Amino acid sequence: MHTDTDQTISEFTPFETAHFAGPRPGRTLSPGSHQMVDDLMFSSAAADNTNEQVHRLSQMPDGMQPKDELLFAPAIDPRLKISSPFRVQIVRSNDGISAHIAEIEEFGHGANRGEALDDLGKTIAELYISLTSRREKLSTDLAGVLKSLEEHIIRVRT
Amino acid sequence: MKVHEFSKLETKLQLMTRNSGDRLAWFEHEGKVITRTKRSHGNKDLPEHLIRQQLKLNEEQFSGLISCSVTRDDYVEILTKKGLIVPSDAAKPSTEEK
């Protein structure tokens, strides 16, 4: 039987966006309910005053530390386009908020989530451009990072 | 971690940066770019564990780098042991038999 909680991420297109203002139309959330992938929230990160296209994937059950994970595909640079979103984890620590992409070991940092994501976007762009311009000089590890970046980013202008 | 601690890392490891507002800092060895991390912007505290991860160090090594017990040469040795730095042909011990 298909229930609300059976719904998976794959049912949503990667770039589907909308300003999040609550549950998806036609859905209601019972108080204290476990909000899993079902309650996919769409956001242009308006709450953080940034223009990222951010998709929140899941929230953990009430009373637990939220697993704040996003798909991240903002406009990071006029020369670049993110063709496949990055999976970003929001990490809160005493040092502030970090938005971390484990796949490429990169992060953005700030006082709040918007700042961290904004920083991350700029860092990704700079990383991509720097690595491509030094392609011949990269260690095996950084060559691997560039390979991962190229799976997500395409250059649209020189 | 504090900004001044990051500056210490930058100086000790001779990280490469440009004066164009770069966010990134690069560790280069013998003409190869080996690791990178992020420079600080402003005076905010920085996420130590993420910077440590980018520099491929464990907690003890990272603390040593911030204090004085781990030098740049030690860092090169650490990265070499991890296979991130491949010794150049000139530096490799000869395997030829006389």
# chains A, B, ... in the order shown; residues from 1 in each chain; ligands from 1
$ interface_residues --of "chain B" --to "chain A" --cutoff "6 Å" --atoms "only C-alpha atoms" --output "list in words"
Lys32, Val33, Ile34, Asp45, Leu46 and Pro47 of chain B
$ write_last_selection --atoms "C-alpha atoms" --output "PDB file, in the first residue's frame"
ATOM      1  CA  LYS B  32      52.191  19.929  -7.833  1.00  0.00           C
ATOM      2  CA  VAL B  33      49.064  21.131  -6.081  1.00  0.00           C
ATOM      3  CA  ILE B  34      48.578  18.614  -3.293  1.00  0.00           C
ATOM      4  CA  ASP B  45      35.586  31.368  13.767  1.00  0.00           C
ATOM      5  CA  LEU B  46      36.331  28.633  11.267  1.00  0.00           C
ATOM      6  CA  PRO B  47      35.221  24.989  11.261  1.00  0.00           C
TER       7      PRO B  47
END
$ residues_around --residues "Leu9 of chain B" --least-positions-apart "3" --cutoff "7 Å" --atoms "only C-alpha atoms" --output "list in words"
Glu5, Phe6, Lys12, Leu13, Leu65 and Ile66 of chain B
$ select_by_dssp --residues "segment 6-54 of chain B" --states "alpha helix (DSSP H)" --output "ChimeraX atom specification"
/B:6-13,48-54
$ atom_distance --atom1 "atom CA of Ile85 of chain B" --atom2 "atom CA of His29 of chain B"
8.0 Å
$ select_by_dssp --residues "segment 64-105 of chain A" --states "strand (DSSP E)" --output "list of chain:residue names"
A:Glu69, A:Leu70, A:Leu71, A:Phe72, A:Leu80, A:Lys81, A:Ile82, A:Phe86, A:Arg87, A:Val88, A:Gln89, A:Ile90, A:Val91, A:Arg92, A:Ser93, A:Gly96, A:Ile97, A:Ser98, A:Ala99, A:His100, A:Ile101
$ write_last_selection --atoms "N, CA and C atoms" --output "PDB file, in the first residue's frame"
ATOM      1  N   GLU A  69      19.714  18.003   5.236  1.00  0.00           N
ATOM      2  CA  GLU A  69      20.424  17.676   4.006  1.00  0.00           C
ATOM      3  C   GLU A  69      19.699  18.314   2.840  1.00  0.00           C
ATOM      4  N   LEU A  70      20.454  18.871   1.943  1.00  0.00           N
ATOM      5  CA  LEU A  70      19.843  19.608   0.842  1.00  0.00           C
ATOM      6  C   LEU A  70      20.421  19.171  -0.492  1.00  0.00           C
ATOM      7  N   LEU A  71      19.624  19.375  -1.513  1.00  0.00           N
ATOM      8  CA  LEU A  71      20.196  19.306  -2.847  1.00  0.00           C
ATOM      9  C   LEU A  71      20.454  20.743  -3.260  1.00  0.00           C
ATOM     10  N   PHE A  72      21.625  20.999  -3.763  1.00  0.00           N
ATOM     11  CA  PHE A  72      22.101  22.365  -3.934  1.00  0.00           C
ATOM     12  C   PHE A  72      22.485  22.601  -5.390  1.00  0.00           C
ATOM     13  N   LEU A  80      29.407  29.253 -15.275  1.00  0.00           N
ATOM     14  CA  LEU A  80      29.185  27.857 -14.899  1.00  0.00           C
ATOM     15  C   LEU A  80      27.715  27.559 -14.663  1.00  0.00           C
ATOM     16  N   LYS A  81      27.384  26.294 -14.887  1.00  0.00           N
ATOM     17  CA  LYS A  81      26.016  25.871 -14.579  1.00  0.00           C
ATOM     18  C   LYS A  81      26.085  24.529 -13.845  1.00  0.00           C
ATOM     19  N   ILE A  82      25.341  24.440 -12.779  1.00  0.00           N
ATOM     20  CA  ILE A  82      25.293  23.158 -12.073  1.00  0.00           C
ATOM     21  C   ILE A  82      24.238  22.297 -12.765  1.00  0.00           C
ATOM     22  N   PHE A  86      24.373  19.175  -6.000  1.00  0.00           N
ATOM     23  CA  PHE A  86      25.242  18.611  -4.977  1.00  0.00           C
ATOM     24  C   PHE A  86      24.406  18.263  -3.746  1.00  0.00           C
ATOM     25  N   ARG A  87      24.811  17.226  -3.070  1.00  0.00           N
ATOM     26  CA  ARG A  87      24.153  16.879  -1.807  1.00  0.00           C
ATOM     27  C   ARG A  87      24.916  17.587  -0.688  1.00  0.00           C
ATOM     28  N   VAL A  88      24.229  18.454   0.008  1.00  0.00           N
ATOM     29  CA  VAL A  88      24.863  19.293   1.028  1.00  0.00           C
ATOM     30  C   VAL A  88      24.313  18.957   2.403  1.00  0.00           C
ATOM     31  N   GLN A  89      25.187  18.858   3.355  1.00  0.00           N
ATOM     32  CA  GLN A  89      24.761  18.629   4.731  1.00  0.00           C
ATOM     33  C   GLN A  89      25.051  19.894   5.548  1.00  0.00           C
ATOM     34  N   ILE A  90      24.081  20.295   6.307  1.00  0.00           N
ATOM     35  CA  ILE A  90      24.258  21.466   7.172  1.00  0.00           C
ATOM     36  C   ILE A  90      24.772  20.988   8.528  1.00  0.00           C
ATOM     37  N   VAL A  91      25.896  21.528   8.927  1.00  0.00           N
ATOM     38  CA  VAL A  91      26.522  21.118  10.184  1.00  0.00           C
ATOM     39  C   VAL A  91      26.566  22.317  11.120  1.00  0.00           C
ATOM     40  N   ARG A  92      25.992  22.134  12.287  1.00  0.00           N
ATOM     41  CA  ARG A  92      26.035  23.210  13.281  1.00  0.00           C
ATOM     42  C   ARG A  92      27.114  22.908  14.314  1.00  0.00           C
ATOM     43  N   SER A  93      27.924  23.885  14.605  1.00  0.00           N
ATOM     44  CA  SER A  93      28.962  23.686  15.623  1.00  0.00           C
ATOM     45  C   SER A  93      29.149  24.983  16.382  1.00  0.00           C
ATOM     46  N   GLY A  96      29.875  28.043  14.295  1.00  0.00           N
ATOM     47  CA  GLY A  96      28.866  28.609  13.393  1.00  0.00           C
ATOM     48  C   GLY A  96      28.198  27.518  12.595  1.00  0.00           C
ATOM     49  N   ILE A  97      27.725  27.879  11.411  1.00  0.00           N
ATOM     50  CA  ILE A  97      27.036  26.909  10.554  1.00  0.00           C
ATOM     51  C   ILE A  97      27.921  26.619   9.341  1.00  0.00           C
ATOM     52  N   SER A  98      28.047  25.342   9.038  1.00  0.00           N
ATOM     53  CA  SER A  98      28.794  24.964   7.835  1.00  0.00           C
ATOM     54  C   SER A  98      27.881  24.191   6.904  1.00  0.00           C
ATOM     55  N   ALA A  99      28.017  24.470   5.615  1.00  0.00           N
ATOM     56  CA  ALA A  99      27.326  23.691   4.583  1.00  0.00           C
ATOM     57  C   ALA A  99      28.401  22.854   3.913  1.00  0.00           C
ATOM     58  N   HIS A 100      28.276  21.525   4.024  1.00  0.00           N
ATOM     59  CA  HIS A 100      29.376  20.644   3.664  1.00  0.00           C
ATOM     60  C   HIS A 100      28.982  19.689   2.534  1.00  0.00           C
ATOM     61  N   ILE A 101      29.850  19.576   1.539  1.00  0.00           N
ATOM     62  CA  ILE A 101      29.654  18.577   0.486  1.00  0.00           C
ATOM     63  C   ILE A 101      30.724  17.516   0.692  1.00  0.00           C
TER      64      ILE A 101
END
$ closest_residue --among "B:Ser7, B:Thr35, B:Asn58, B:Gln14" --to "Asp73 of chain B" --atoms "only C-alpha atoms"
B:Gln14
$ decode --residues "segment 90-115 of chain A" --atoms "N, CA and C atoms" --output "mmCIF file, in the first residue's frame"
data_model
loop_
_atom_site.group_PDB
_atom_site.id
_atom_site.type_symbol
_atom_site.label_atom_id
_atom_site.label_comp_id
_atom_site.auth_asym_id
_atom_site.auth_seq_id
_atom_site.Cartn_x
_atom_site.Cartn_y
_atom_site.Cartn_z
ATOM 1 N N ILE A 90 24.081 20.295 6.307
ATOM 2 C CA ILE A 90 24.258 21.466 7.172
ATOM 3 C C ILE A 90 24.772 20.988 8.528
ATOM 4 N N VAL A 91 25.896 21.528 8.927
ATOM 5 C CA VAL A 91 26.522 21.118 10.184
ATOM 6 C C VAL A 91 26.566 22.317 11.120
ATOM 7 N N ARG A 92 25.992 22.134 12.287
ATOM 8 C CA ARG A 92 26.035 23.210 13.281
ATOM 9 C C ARG A 92 27.114 22.908 14.314
ATOM 10 N N SER A 93 27.924 23.885 14.605
ATOM 11 C CA SER A 93 28.962 23.686 15.623
ATOM 12 C C SER A 93 29.149 24.983 16.382
ATOM 13 N N ASN A 94 30.042 24.958 17.350
ATOM 14 C CA ASN A 94 30.309 26.171 18.119
ATOM 15 C C ASN A 94 30.902 27.272 17.252
ATOM 16 N N ASP A 95 31.487 26.854 16.125
ATOM 17 C CA ASP A 95 32.120 27.824 15.236
ATOM 18 C C ASP A 95 31.115 28.506 14.303
ATOM 19 N N GLY A 96 29.875 28.043 14.295
ATOM 20 C CA GLY A 96 28.866 28.609 13.393
ATOM 21 C C GLY A 96 28.198 27.518 12.595
ATOM 22 N N ILE A 97 27.725 27.879 11.411
ATOM 23 C CA ILE A 97 27.036 26.909 10.554
ATOM 24 C C ILE A 97 27.921 26.619 9.341
ATOM 25 N N SER A 98 28.047 25.342 9.038
ATOM 26 C CA SER A 98 28.794 24.964 7.835
ATOM 27 C C SER A 98 27.881 24.191 6.904
ATOM 28 N N ALA A 99 28.017 24.470 5.615
ATOM 29 C CA ALA A 99 27.326 23.691 4.583
ATOM 30 C C ALA A 99 28.401 22.854 3.913
ATOM 31 N N HIS A 100 28.276 21.525 4.024
ATOM 32 C CA HIS A 100 29.376 20.644 3.664
ATOM 33 C C HIS A 100 28.982 19.689 2.534
ATOM 34 N N ILE A 101 29.850 19.576 1.539
ATOM 35 C CA ILE A 101 29.654 18.577 0.486
ATOM 36 C C ILE A 101 30.724 17.516 0.692
ATOM 37 N N ALA A 102 30.326 16.376 1.201
ATOM 38 C CA ALA A 102 31.293 15.321 1.532
ATOM 39 C C ALA A 102 32.003 14.810 0.274
ATOM 40 N N GLU A 103 31.272 14.734 -0.808
ATOM 41 C CA GLU A 103 31.813 14.175 -2.051
ATOM 42 C C GLU A 103 33.101 14.869 -2.500
ATOM 43 N N ILE A 104 33.163 16.175 -2.297
ATOM 44 C CA ILE A 104 34.352 16.918 -2.736
ATOM 45 C C ILE A 104 35.086 17.544 -1.546
ATOM 46 N N GLU A 105 34.678 17.170 -0.355
ATOM 47 C CA GLU A 105 35.277 17.707 0.872
ATOM 48 C C GLU A 105 35.362 19.230 0.835
ATOM 49 N N GLU A 106 34.252 19.860 0.477
ATOM 50 C CA GLU A 106 34.241 21.317 0.442
ATOM 51 C C GLU A 106 33.133 21.835 1.332
ATOM 52 N N PHE A 107 33.319 23.040 1.790
ATOM 53 C CA PHE A 107 32.316 23.588 2.698
ATOM 54 C C PHE A 107 32.186 25.098 2.522
ATOM 55 N N GLY A 108 31.055 25.588 2.985
ATOM 56 C CA GLY A 108 30.853 27.018 3.117
ATOM 57 C C GLY A 108 30.573 27.274 4.585
ATOM 58 N N HIS A 109 30.854 28.466 5.030
ATOM 59 C CA HIS A 109 30.726 28.717 6.459
ATOM 60 C C HIS A 109 30.095 30.085 6.686
ATOM 61 N N GLY A 110 29.309 30.183 7.736
ATOM 62 C CA GLY A 110 28.699 31.472 8.037
ATOM 63 C C GLY A 110 27.976 31.460 9.366
ATOM 64 N N ALA A 111 27.411 32.603 9.677
ATOM 65 C CA ALA A 111 26.703 32.743 10.951
ATOM 66 C C ALA A 111 25.334 32.065 10.885
ATOM 67 N N ASN A 112 24.808 31.917 9.665
ATOM 68 C CA ASN A 112 23.537 31.220 9.499
ATOM 69 C C ASN A 112 23.586 30.384 8.219
ATOM 70 N N ARG A 113 22.509 29.668 7.983
ATOM 71 C CA ARG A 113 22.496 28.742 6.854
ATOM 72 C C ARG A 113 22.647 29.457 5.509
ATOM 73 N N GLY A 114 21.987 30.600 5.395
ATOM 74 C CA GLY A 114 22.062 31.354 4.143
ATOM 75 C C GLY A 114 23.486 31.782 3.835
ATOM 76 N N GLU A 115 24.148 32.271 4.854
ATOM 77 C CA GLU A 115 25.542 32.703 4.672
ATOM 78 C C GLU A 115 26.434 31.526 4.296
#
